[in-house]
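This is start_32.cif (mmCIF, C-alpha atoms).
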```
data_work
#
loop_
_atom_site.label_atom_id
_atom_site.label_comp_id
_atom_site.auth_asym_id
_atom_site.auth_seq_id
_atom_site.Cartn_x
_atom_site.Cartn_y
_atom_site.Cartn_z
CA MET A 1 -29.15 21.42 -2.37
CA SER A 2 -27.19 23.67 -4.70
CA GLU A 3 -26.77 27.39 -5.09
CA ARG A 4 -26.41 29.32 -8.32
CA LEU A 5 -23.84 32.04 -9.00
CA THR A 6 -23.53 34.14 -12.15
CA SER A 7 -21.01 36.89 -11.36
CA ARG A 8 -17.37 36.44 -12.37
CA SER A 9 -16.36 38.75 -9.52
CA ASN A 10 -17.89 36.53 -6.85
CA PRO A 11 -15.31 35.87 -4.07
CA LEU A 12 -15.45 32.12 -4.76
CA PHE A 13 -14.23 32.61 -8.32
CA VAL A 14 -11.60 35.16 -7.29
CA HIS A 15 -10.32 32.54 -4.83
CA LEU A 16 -10.49 29.85 -7.52
CA ARG A 17 -8.41 31.85 -10.00
CA LYS A 18 -5.75 32.47 -7.36
CA LEU A 19 -5.60 28.75 -6.61
CA GLN A 20 -5.14 28.05 -10.32
CA SER A 21 -2.35 30.56 -10.81
CA SER A 22 -0.33 30.74 -7.59
CA ARG A 23 1.54 27.98 -5.80
CA SER A 24 2.25 30.29 -2.88
CA TYR A 25 -1.47 31.02 -2.55
CA ARG A 26 -2.25 27.30 -2.58
CA ASN A 27 0.29 26.74 0.17
CA GLU A 28 -0.95 29.74 2.16
CA THR A 29 -4.62 28.67 2.03
CA ARG A 30 -3.84 24.93 2.11
CA GLN A 31 -6.26 24.40 -0.77
CA PHE A 32 -6.05 23.35 -4.40
CA CYS A 33 -8.44 22.85 -7.30
CA ALA A 34 -8.83 20.48 -10.24
CA ASP A 35 -10.92 20.32 -13.37
CA GLY A 36 -12.92 17.46 -14.89
CA VAL A 37 -15.63 14.89 -14.30
CA LYS A 38 -13.30 11.89 -14.02
CA LEU A 39 -11.05 13.60 -11.49
CA LEU A 40 -14.11 14.61 -9.48
CA GLY A 41 -15.10 10.95 -9.36
CA GLU A 42 -11.64 10.07 -8.04
CA ALA A 43 -11.90 12.78 -5.38
CA ILE A 44 -15.32 11.55 -4.28
CA ARG A 45 -14.07 7.99 -4.01
CA TRP A 46 -10.64 8.54 -2.48
CA TYR A 47 -10.02 12.04 -1.17
CA PRO A 48 -11.54 13.24 2.12
CA GLY A 49 -10.62 16.90 1.56
CA LEU A 50 -13.19 17.67 -1.17
CA HIS A 51 -15.22 20.69 -0.05
CA THR A 52 -16.66 22.62 -3.04
CA VAL A 53 -17.88 21.64 -6.52
CA VAL A 54 -18.59 24.19 -9.24
CA ALA A 55 -20.60 22.71 -12.13
CA CYS A 56 -22.42 23.89 -15.23
CA ASP A 57 -26.19 24.10 -15.11
CA GLY A 58 -27.75 20.76 -15.94
CA LEU A 59 -24.53 18.72 -15.83
CA ALA A 60 -25.16 15.31 -14.26
CA LEU A 61 -22.91 14.68 -11.28
CA PRO A 62 -22.20 11.65 -9.11
CA ALA A 63 -23.54 11.77 -5.57
CA LEU A 64 -21.44 14.18 -3.52
CA PRO A 65 -20.35 13.48 0.05
CA GLU A 66 -22.39 15.11 2.78
CA GLY A 67 -21.30 18.67 3.52
CA VAL A 68 -19.74 19.37 0.10
CA ARG A 69 -20.86 22.72 -1.32
CA LEU A 70 -22.39 22.55 -4.81
CA VAL A 71 -22.43 25.69 -6.95
CA ARG A 72 -24.15 25.79 -10.34
CA VAL A 73 -23.01 28.28 -12.99
CA PRO A 74 -23.91 29.10 -16.60
CA GLU A 75 -21.67 27.61 -19.27
CA SER A 76 -20.30 31.04 -20.20
CA LEU A 77 -19.03 31.51 -16.66
CA MET A 78 -17.43 28.06 -16.63
CA GLN A 79 -15.59 29.01 -19.82
CA SER A 80 -14.12 32.03 -18.05
CA ILE A 81 -13.00 30.26 -14.87
CA SER A 82 -11.69 27.00 -16.33
CA THR A 83 -8.10 26.85 -17.57
CA MET A 84 -8.94 24.07 -20.02
CA ARG A 85 -9.50 24.85 -23.70
CA ALA A 86 -12.55 22.60 -23.69
CA PRO A 87 -13.92 22.60 -20.13
CA GLN A 88 -15.73 19.48 -19.01
CA GLY A 89 -18.14 21.55 -16.99
CA VAL A 90 -16.94 20.97 -13.45
CA ILE A 91 -14.19 22.34 -11.19
CA PHE A 92 -13.73 21.23 -7.62
CA LEU A 93 -11.81 22.56 -4.63
CA CYS A 94 -10.07 20.52 -1.95
CA HIS A 95 -8.19 21.06 1.27
CA MET A 96 -4.57 19.95 1.06
CA PRO A 97 -3.68 16.89 3.11
CA GLU A 98 -1.98 17.29 6.44
CA LYS A 99 1.78 16.88 6.15
CA LYS A 100 2.86 13.57 7.63
CA PRO A 101 6.27 12.69 9.09
CA LEU A 102 8.81 11.80 6.42
CA CYS A 103 8.99 8.09 5.68
CA ILE A 104 11.57 6.63 3.27
CA ALA A 105 12.35 2.95 2.86
CA PRO A 106 14.28 0.82 0.37
CA GLY A 107 12.25 0.81 -2.81
CA SER A 108 11.24 4.48 -2.48
CA LEU A 109 11.63 6.93 -5.35
CA ILE A 110 13.08 10.38 -4.65
CA LEU A 111 12.32 13.03 -7.26
CA ASP A 112 14.93 15.75 -7.54
CA GLY A 113 13.97 18.93 -9.40
CA ILE A 114 11.27 17.46 -11.67
CA GLN A 115 9.92 20.82 -12.80
CA ASP A 116 7.57 19.84 -15.62
CA PRO A 117 4.03 19.27 -14.22
CA GLY A 118 3.27 16.74 -16.95
CA ASN A 119 6.34 14.65 -16.13
CA LEU A 120 5.71 14.90 -12.40
CA GLY A 121 2.06 13.90 -12.76
CA THR A 122 2.96 10.95 -14.97
CA ILE A 123 5.59 9.76 -12.48
CA LEU A 124 3.13 10.00 -9.59
CA ARG A 125 0.54 8.11 -11.62
CA THR A 126 3.03 5.32 -12.27
CA ALA A 127 4.19 5.27 -8.65
CA ASP A 128 0.59 4.92 -7.52
CA ALA A 129 -0.02 2.08 -9.98
CA LEU A 130 3.09 0.16 -8.89
CA GLY A 131 2.77 0.90 -5.18
CA VAL A 132 6.02 2.86 -4.97
CA ASN A 133 6.51 5.51 -2.28
CA ALA A 134 7.37 8.85 -3.95
CA VAL A 135 9.19 11.69 -2.19
CA LEU A 136 9.54 15.14 -3.79
CA SER A 137 12.74 17.05 -3.11
CA ASP A 138 13.64 20.68 -3.83
CA GLY A 139 12.70 22.21 -7.14
CA CYS A 140 9.87 19.87 -8.09
CA ALA A 141 6.66 21.19 -9.61
CA ASP A 142 3.70 21.55 -7.28
CA PRO A 143 2.03 18.13 -6.92
CA PHE A 144 -1.25 19.96 -6.27
CA GLY A 145 -1.05 22.30 -9.26
CA GLU A 146 -3.85 21.77 -11.78
CA LYS A 147 -1.58 20.44 -14.53
CA THR A 148 0.10 17.96 -12.21
CA VAL A 149 -3.19 16.69 -10.77
CA ARG A 150 -4.54 16.26 -14.30
CA ALA A 151 -1.42 14.47 -15.56
CA SER A 152 -1.50 12.17 -12.54
CA MET A 153 -5.03 11.10 -13.51
CA GLY A 154 -6.04 11.52 -9.89
CA ALA A 155 -3.07 9.66 -8.38
CA VAL A 156 -2.39 12.54 -5.97
CA LEU A 157 -5.96 12.16 -4.73
CA ARG A 158 -5.45 8.45 -4.05
CA THR A 159 -1.88 8.47 -2.71
CA GLN A 160 -0.49 11.79 -1.52
CA PRO A 161 3.25 12.22 -2.25
CA GLN A 162 5.66 13.35 0.44
CA SER A 163 7.77 16.51 0.15
CA ALA A 164 11.01 17.36 1.96
CA ASP A 165 14.15 19.37 1.26
CA THR A 166 17.39 17.68 0.30
CA GLU A 167 19.01 18.06 3.72
CA GLU A 168 16.02 16.50 5.46
CA ILE A 169 16.01 13.55 3.06
CA LEU A 170 19.73 12.94 3.44
CA ALA A 171 19.52 13.18 7.23
CA TYR A 172 16.62 10.73 7.35
CA CYS A 173 18.41 8.21 5.15
CA ALA A 174 21.59 8.48 7.22
CA GLU A 175 19.75 8.09 10.53
CA ASN A 176 17.72 5.11 9.30
CA ALA A 177 20.48 3.35 7.33
CA ILE A 178 18.69 3.75 4.02
CA ASP A 179 21.15 3.45 1.15
CA LEU A 180 20.76 5.87 -1.73
CA ALA A 181 21.25 5.17 -5.42
CA VAL A 182 21.18 7.77 -8.16
CA THR A 183 20.55 7.58 -11.88
CA ALA A 184 23.66 9.07 -13.42
CA LEU A 185 25.74 8.67 -16.54
CA SER A 186 29.13 7.87 -15.05
CA ASN A 187 31.93 5.40 -15.69
CA ASP A 188 31.10 3.43 -12.56
CA ALA A 189 27.33 3.30 -13.13
CA GLU A 190 25.83 -0.18 -12.87
CA ASP A 191 23.26 -1.62 -15.24
CA LEU A 192 19.84 -1.15 -13.64
CA ARG A 193 18.89 -4.74 -14.49
CA THR A 194 21.59 -6.24 -12.26
CA ALA A 195 21.81 -3.58 -9.54
CA GLU A 196 18.82 -4.68 -7.43
CA PRO A 197 17.37 -1.15 -7.20
CA GLY A 198 14.71 -2.29 -4.75
CA ARG A 199 17.42 -2.35 -2.07
CA TYR A 200 17.86 1.43 -2.37
CA ALA A 201 15.98 4.67 -2.27
CA VAL A 202 16.57 5.75 -5.86
CA VAL A 203 16.94 9.40 -6.89
CA ILE A 204 15.69 10.54 -10.30
CA GLY A 205 16.82 13.97 -11.49
CA SER A 206 15.43 16.37 -14.05
CA GLU A 207 16.26 15.97 -17.73
CA GLY A 208 18.08 19.30 -17.88
CA GLN A 209 20.06 19.28 -14.64
CA GLY A 210 20.24 15.64 -13.61
CA VAL A 211 20.66 14.65 -9.97
CA ARG A 212 22.12 17.35 -7.73
CA THR A 213 25.61 16.96 -6.30
CA ALA A 214 24.47 16.44 -2.69
CA PHE A 215 22.63 13.26 -3.62
CA ILE A 216 25.45 11.99 -5.84
CA GLN A 217 28.00 12.49 -3.06
CA ASN A 218 25.88 10.50 -0.60
CA ALA A 219 24.87 7.70 -2.95
CA LYS A 220 26.09 4.15 -2.48
CA LYS A 221 25.56 3.31 -6.13
CA ASN A 222 25.14 4.95 -9.53
CA LEU A 223 22.58 3.36 -11.84
CA VAL A 224 22.21 3.52 -15.59
CA ILE A 225 19.40 2.39 -17.86
CA PRO A 226 21.03 0.56 -20.78
CA MET A 227 20.33 2.28 -24.10
CA THR A 228 21.67 2.22 -27.63
CA PRO A 229 24.88 4.27 -27.99
CA ARG A 230 23.16 6.86 -30.16
CA CYS A 231 20.83 7.87 -27.28
CA GLU A 232 22.06 9.93 -24.34
CA SER A 233 18.99 10.19 -22.13
CA LEU A 234 15.33 9.41 -21.61
CA ASN A 235 12.36 11.52 -20.67
CA ALA A 236 12.32 11.77 -16.86
CA ALA A 237 8.89 10.16 -16.57
CA VAL A 238 9.92 7.25 -18.80
CA ALA A 239 13.16 6.75 -16.87
CA ALA A 240 11.28 6.81 -13.58
CA ALA A 241 8.80 4.22 -14.85
CA ILE A 242 11.62 1.86 -15.86
CA VAL A 243 13.35 2.30 -12.49
CA MET A 244 10.13 1.66 -10.58
CA TRP A 245 9.36 -1.43 -12.64
CA GLU A 246 12.79 -2.84 -11.84
CA MET A 247 12.32 -1.94 -8.17
CA ARG A 248 9.10 -3.91 -8.00
CA ARG A 249 10.40 -6.78 -10.10
#
```

Mind turning the file's structure into C-alpha cells?
Amino acid sequence: MSERLTSRSNPLFVHLRKLQSSRSYRNETRQFCADGVKLLGEAIRWYPGLHTVVACDGLALPALPEGVRLVRVPESLMQSISTMRAPQGVIFLCHMPEKKPLCIAPGSLILDGIQDPGNLGTILRTADALGVNAVLSDGCADPFGEKTVRASMGAVLRTQPQSADTEEILAYCAENAIDLAVTALSNDAEDLRTAEPGRYAVVIGSEGQGVRTAFIQNAKKNLVIPMTPRCESLNAAVAAAIVMWEMRR
C-alpha cells in the first residue's frame, strides 16, 4: 500500500530537505537520503536500513521490502524536492548503519581530508570493487551525503566505510603493529610498483593539502606513483585507484 502527499510543507519533505542540505542534521537523526532508480535497486538488494521511498505517480518500482513506507507524489512536487537537474522520479531515505569498532589491516586504505564528494564517492566505488577496506579520517566529505552516495554508485550501500579521527587511527595501528605508508612527493619516496603496498595501511591525502603531518611522521614508508617529469600530481581518486590496484596485485 502507498500513500499520496501533495504539500511541499509536509513534515516528511521538510525532513528530507534538511537531510539533503545538512551533514550535522544527518548525523543527529542518523538518517540519509539518495536519489535515483538504480540506487534504490542497490538499497533494496544490499542495505537493510531502507525505510521510506518517495516516488512520482505512476513510476514503476521494484518490489520493496516489507515495512518500507511508500509515498507517491506528483511530478511537480518531485521537481521541488529533488536536488537533481533531471530527477529520475524517486528519492529514498535510510537509517545510517551502526558504527562498528575500528578495524584496520595491511592492505587497508586510509583517506585523509578527501573533501570533494565526487572524488570520495569514486574512491569508495573502487574500494568496493577491489575488496579494499576504506577508512575515512578527519576532513573527509560525508560518505552519506547525496553527492557521495551518487558518485559511489551505491558502494556505500553495499560496503559501509569506517570513520575515525587521526589520533584513533594512529593509536590503533600502533597497538596492532600495522605499518603505515603515505603517498608523498619526497626524496626518499619509493616507487609504488616495487614497494609492496599491500603490506601497509596506505594513506591517501587530498589534492590540495596532501597527507597531514601526523601520518607522515608515523609512516614507515613514503610511496610515489611514477609519472612523467612534466606532471606533479594526479587526481586523488585516480591515485587511490592505482594504489589499490597495486595493493591487490

Item to complete: Determine the residue set returned by the PyMOL selection byres ((chain A and resi 33-39) around 6) for the present structure, and present it as a PyMOL selection string.
Response: chain A and resi 32+40-42+88+90-93+146+154

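Distances here use only C-alpha atoms; by that measure, the residue among A:Glu98, A:Glu28, A:Glu207, A:Asp191 closest to A:Gln162 is A:Glu98.
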
Worksheet item: Got a sec: who's within 12 Å of A:Ile225, counting all atoms listed in the file, leaving out chain neighbours fewer than 3 positions off, as JSON, numbers by chain?
Response: {"A": [182, 183, 184, 185, 186, 189, 190, 191, 192, 193, 194, 195, 197, 204, 222, 228, 229, 231, 232, 233, 234, 235, 236, 238, 239, 240, 241, 242, 243, 244, 245, 246]}

Worksheet item: What is the atom CA of A:Ala129 to atom CA of A:Ala55 distance in Å?
Response: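 Here the two named atoms are 29.2 Å from each other.
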
Name every residue that the PyMOL selection byres ((chain A and resi 106) around 8) selects in this structure, writing the answer as a PDB file with C-alpha atoms, keeping the file's coordinate frame with chains first and numbers rising.
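See selection_22.pdb below for the written result:
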```
ATOM      1  CA  ILE A 104      11.570   6.630   3.270  1.00  0.00           C
ATOM      2  CA  ALA A 105      12.350   2.950   2.860  1.00  0.00           C
ATOM      3  CA  GLY A 107      12.250   0.810  -2.810  1.00  0.00           C
ATOM      4  CA  SER A 108      11.240   4.480  -2.480  1.00  0.00           C
ATOM      5  CA  ILE A 178      18.690   3.750   4.020  1.00  0.00           C
ATOM      6  CA  ASP A 179      21.150   3.450   1.150  1.00  0.00           C
ATOM      7  CA  GLY A 198      14.710  -2.290  -4.750  1.00  0.00           C
ATOM      8  CA  ARG A 199      17.420  -2.350  -2.070  1.00  0.00           C
ATOM      9  CA  TYR A 200      17.860   1.430  -2.370  1.00  0.00           C
ATOM     10  CA  ALA A 201      15.980   4.670  -2.270  1.00  0.00           C
TER      11      ALA A 201
END
```

Starting from the shown file, work through the PyMOL selection byres ((chain A and resi 27) around 12) and note down what comes out as a PDB file with C-alpha atoms, in the coordinates of the input.
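Contents of part_24.pdb, as written:
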```pdb
ATOM      1  CA  LYS A  18      -5.750  32.470  -7.360  1.00  0.00           C
ATOM      2  CA  LEU A  19      -5.600  28.750  -6.610  1.00  0.00           C
ATOM      3  CA  GLN A  20      -5.140  28.050 -10.320  1.00  0.00           C
ATOM      4  CA  SER A  21      -2.350  30.560 -10.810  1.00  0.00           C
ATOM      5  CA  SER A  22      -0.330  30.740  -7.590  1.00  0.00           C
ATOM      6  CA  ARG A  23       1.540  27.980  -5.800  1.00  0.00           C
ATOM      7  CA  SER A  24       2.250  30.290  -2.880  1.00  0.00           C
ATOM      8  CA  TYR A  25      -1.470  31.020  -2.550  1.00  0.00           C
ATOM      9  CA  ARG A  26      -2.250  27.300  -2.580  1.00  0.00           C
ATOM     10  CA  GLU A  28      -0.950  29.740   2.160  1.00  0.00           C
ATOM     11  CA  THR A  29      -4.620  28.670   2.030  1.00  0.00           C
ATOM     12  CA  ARG A  30      -3.840  24.930   2.110  1.00  0.00           C
ATOM     13  CA  GLN A  31      -6.260  24.400  -0.770  1.00  0.00           C
ATOM     14  CA  PHE A  32      -6.050  23.350  -4.400  1.00  0.00           C
ATOM     15  CA  HIS A  95      -8.190  21.060   1.270  1.00  0.00           C
ATOM     16  CA  MET A  96      -4.570  19.950   1.060  1.00  0.00           C
ATOM     17  CA  PRO A  97      -3.680  16.890   3.110  1.00  0.00           C
ATOM     18  CA  GLU A  98      -1.980  17.290   6.440  1.00  0.00           C
ATOM     19  CA  LYS A  99       1.780  16.880   6.150  1.00  0.00           C
ATOM     20  CA  ASP A 142       3.700  21.550  -7.280  1.00  0.00           C
ATOM     21  CA  PRO A 143       2.030  18.130  -6.920  1.00  0.00           C
ATOM     22  CA  PHE A 144      -1.250  19.960  -6.270  1.00  0.00           C
ATOM     23  CA  GLY A 145      -1.050  22.300  -9.260  1.00  0.00           C
TER      24      GLY A 145
END
```

Using all atoms of stretch 179-187 of chain A listed in the file and a margin of 6 Å per side, can you give the axis-aligned box centre and edge lengths in Å to one decimal, as AutoDock Vina command-line options?
```
--center_x 26.2 --center_y 6.3 --center_z -7.7 --size_x 23.4 --size_y 17.6 --size_z 29.7
```

Worksheet item: Just how far from atom CA of A:Ser206 is atom CA of A:Ile110, in Å to one decimal?
Response: 11.4 Å

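Using all atoms listed in the file, the shortest contact distance between A:Ala141 and any of A:Asn119, A:Thr126, A:Leu61, A:Gln217 is found at A:Asn119.
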
Worksheet item: Which residue, A:Asn133, A:Thr122, A:Ser152, A:Thr159, has the smallest gap to A:Trp46 when you use all atoms listed in the file?
Response: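 With all atoms listed in the file as the atom set, the closest residue is A:Thr159.
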
Discussion item. Here is a test: counting all atoms listed in the file, which residue of A:Glu168, A:Asp116, A:Glu3, A:Asp57 is nearest to A:Arg69?
Written reply: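 Ranked by minimum distance to A:Arg69, first place goes to A:Glu3.
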
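You can rank A:Pro11, A:Gly58, A:Gly113, A:Pro101 by their closest distance to A:Cys140 using all atoms listed in the file, and at the top of that list sits A:Gly113.
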
Worksheet item: Quick one: distance from atom CA of A:Val149 to atom CA of A:Gln115 in Å, one decimal?
Response: 13.9 Å

Practice prompt. Measuring atom to atom with all atoms listed in the file, identify which of A:Leu109, A:Val156, A:Ala127, A:Ala174 is nearest to A:Val202.
Written response: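 Among A:Leu109, A:Val156, A:Ala127, A:Ala174, it is A:Leu109 that comes nearest to A:Val202.
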
Residue neighbourhood stretch 74-78 of chain A, 7 Å, all atoms listed in the file, exclusion window fewer than 5 positions, as a short mmCIF file (atom, residue, chain, number, x, y, z; two decimals) with C-alpha atoms, in the frame of the given file:
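Generated file (result-v9.cif):
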```
data_model
loop_
_atom_site.label_atom_id
_atom_site.label_comp_id
_atom_site.auth_asym_id
_atom_site.auth_seq_id
_atom_site.Cartn_x
_atom_site.Cartn_y
_atom_site.Cartn_z
CA THR A 6 -23.53 34.14 -12.15
CA ARG A 8 -17.37 36.44 -12.37
CA CYS A 56 -22.42 23.89 -15.23
CA ASP A 57 -26.19 24.10 -15.11
CA GLY A 89 -18.14 21.55 -16.99
#
```

Worksheet item: A:Arg4: which residues within 6 Å, counting only C-alpha atoms, same-chain residues fewer than 3 positions away excluded, as a list in words?
Response: Val71, Arg72 and Val73 of chain A

Worksheet item: Which polymer residues have any atom within 8 Å of an atom of A:Met153, counting all atoms listed in the file, with same-chain residues fewer than 2 positions away left out, as JSON, numbers by chain?
Response: {"A": [39, 121, 125, 149, 150, 151, 155]}

Place N, CA, C and O atoms on stretch 35-50 of chain A and deliver the coordinates as a CSV table (one decimal), keeping the file's coordinate frame.
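This is the output file result22.csv:
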```csv
chain,number,residue,atom,x,y,z
A,35,ASP,N,-9.9,20.1,-12.3
A,35,ASP,CA,-10.9,20.3,-13.4
A,35,ASP,C,-11.3,19.0,-14.1
A,35,ASP,O,-10.4,18.3,-14.5
A,36,GLY,N,-12.5,18.6,-14.1
A,36,GLY,CA,-12.9,17.5,-14.9
A,36,GLY,C,-13.8,16.5,-14.1
A,36,GLY,O,-13.7,16.3,-12.9
A,37,VAL,N,-14.7,15.8,-14.9
A,37,VAL,CA,-15.6,14.9,-14.3
A,37,VAL,C,-14.9,13.7,-13.7
A,37,VAL,O,-15.3,13.2,-12.6
A,38,LYS,N,-14.0,13.1,-14.5
A,38,LYS,CA,-13.3,11.9,-14.0
A,38,LYS,C,-12.5,12.2,-12.7
A,38,LYS,O,-12.6,11.4,-11.8
A,39,LEU,N,-11.8,13.3,-12.7
A,39,LEU,CA,-11.0,13.6,-11.5
A,39,LEU,C,-12.0,13.8,-10.3
A,39,LEU,O,-11.7,13.5,-9.2
A,40,LEU,N,-13.1,14.4,-10.6
A,40,LEU,CA,-14.1,14.6,-9.5
A,40,LEU,C,-14.5,13.3,-8.9
A,40,LEU,O,-14.6,13.1,-7.7
A,41,GLY,N,-14.7,12.3,-9.8
A,41,GLY,CA,-15.1,11.0,-9.4
A,41,GLY,C,-14.0,10.3,-8.5
A,41,GLY,O,-14.3,9.7,-7.5
A,42,GLU,N,-12.8,10.6,-8.9
A,42,GLU,CA,-11.6,10.1,-8.0
A,42,GLU,C,-11.6,10.7,-6.7
A,42,GLU,O,-11.4,10.1,-5.6
A,43,ALA,N,-11.9,12.1,-6.7
A,43,ALA,CA,-11.9,12.8,-5.4
A,43,ALA,C,-13.0,12.3,-4.5
A,43,ALA,O,-12.8,12.1,-3.3
A,44,ILE,N,-14.2,12.1,-5.1
A,44,ILE,CA,-15.3,11.6,-4.3
A,44,ILE,C,-15.0,10.2,-3.7
A,44,ILE,O,-15.3,9.9,-2.5
A,45,ARG,N,-14.3,9.4,-4.5
A,45,ARG,CA,-14.1,8.0,-4.0
A,45,ARG,C,-12.9,7.9,-3.0
A,45,ARG,O,-13.0,7.1,-2.0
A,46,TRP,N,-11.9,8.7,-3.2
A,46,TRP,CA,-10.6,8.5,-2.5
A,46,TRP,C,-10.2,9.7,-1.6
A,46,TRP,O,-9.5,9.5,-0.6
A,47,TYR,N,-10.7,10.9,-1.8
A,47,TYR,CA,-10.0,12.0,-1.2
A,47,TYR,C,-11.0,12.7,-0.2
A,47,TYR,O,-12.0,13.2,-0.6
A,48,PRO,N,-10.6,12.7,1.1
A,48,PRO,CA,-11.5,13.2,2.1
A,48,PRO,C,-11.6,14.8,2.2
A,48,PRO,O,-12.5,15.3,2.8
A,49,GLY,N,-10.7,15.4,1.5
A,49,GLY,CA,-10.6,16.9,1.6
A,49,GLY,C,-11.5,17.7,0.6
A,49,GLY,O,-11.4,18.9,0.5
A,50,LEU,N,-12.3,17.0,-0.2
A,50,LEU,CA,-13.2,17.7,-1.2
A,50,LEU,C,-14.2,18.5,-0.4
A,50,LEU,O,-14.8,18.1,0.5
```
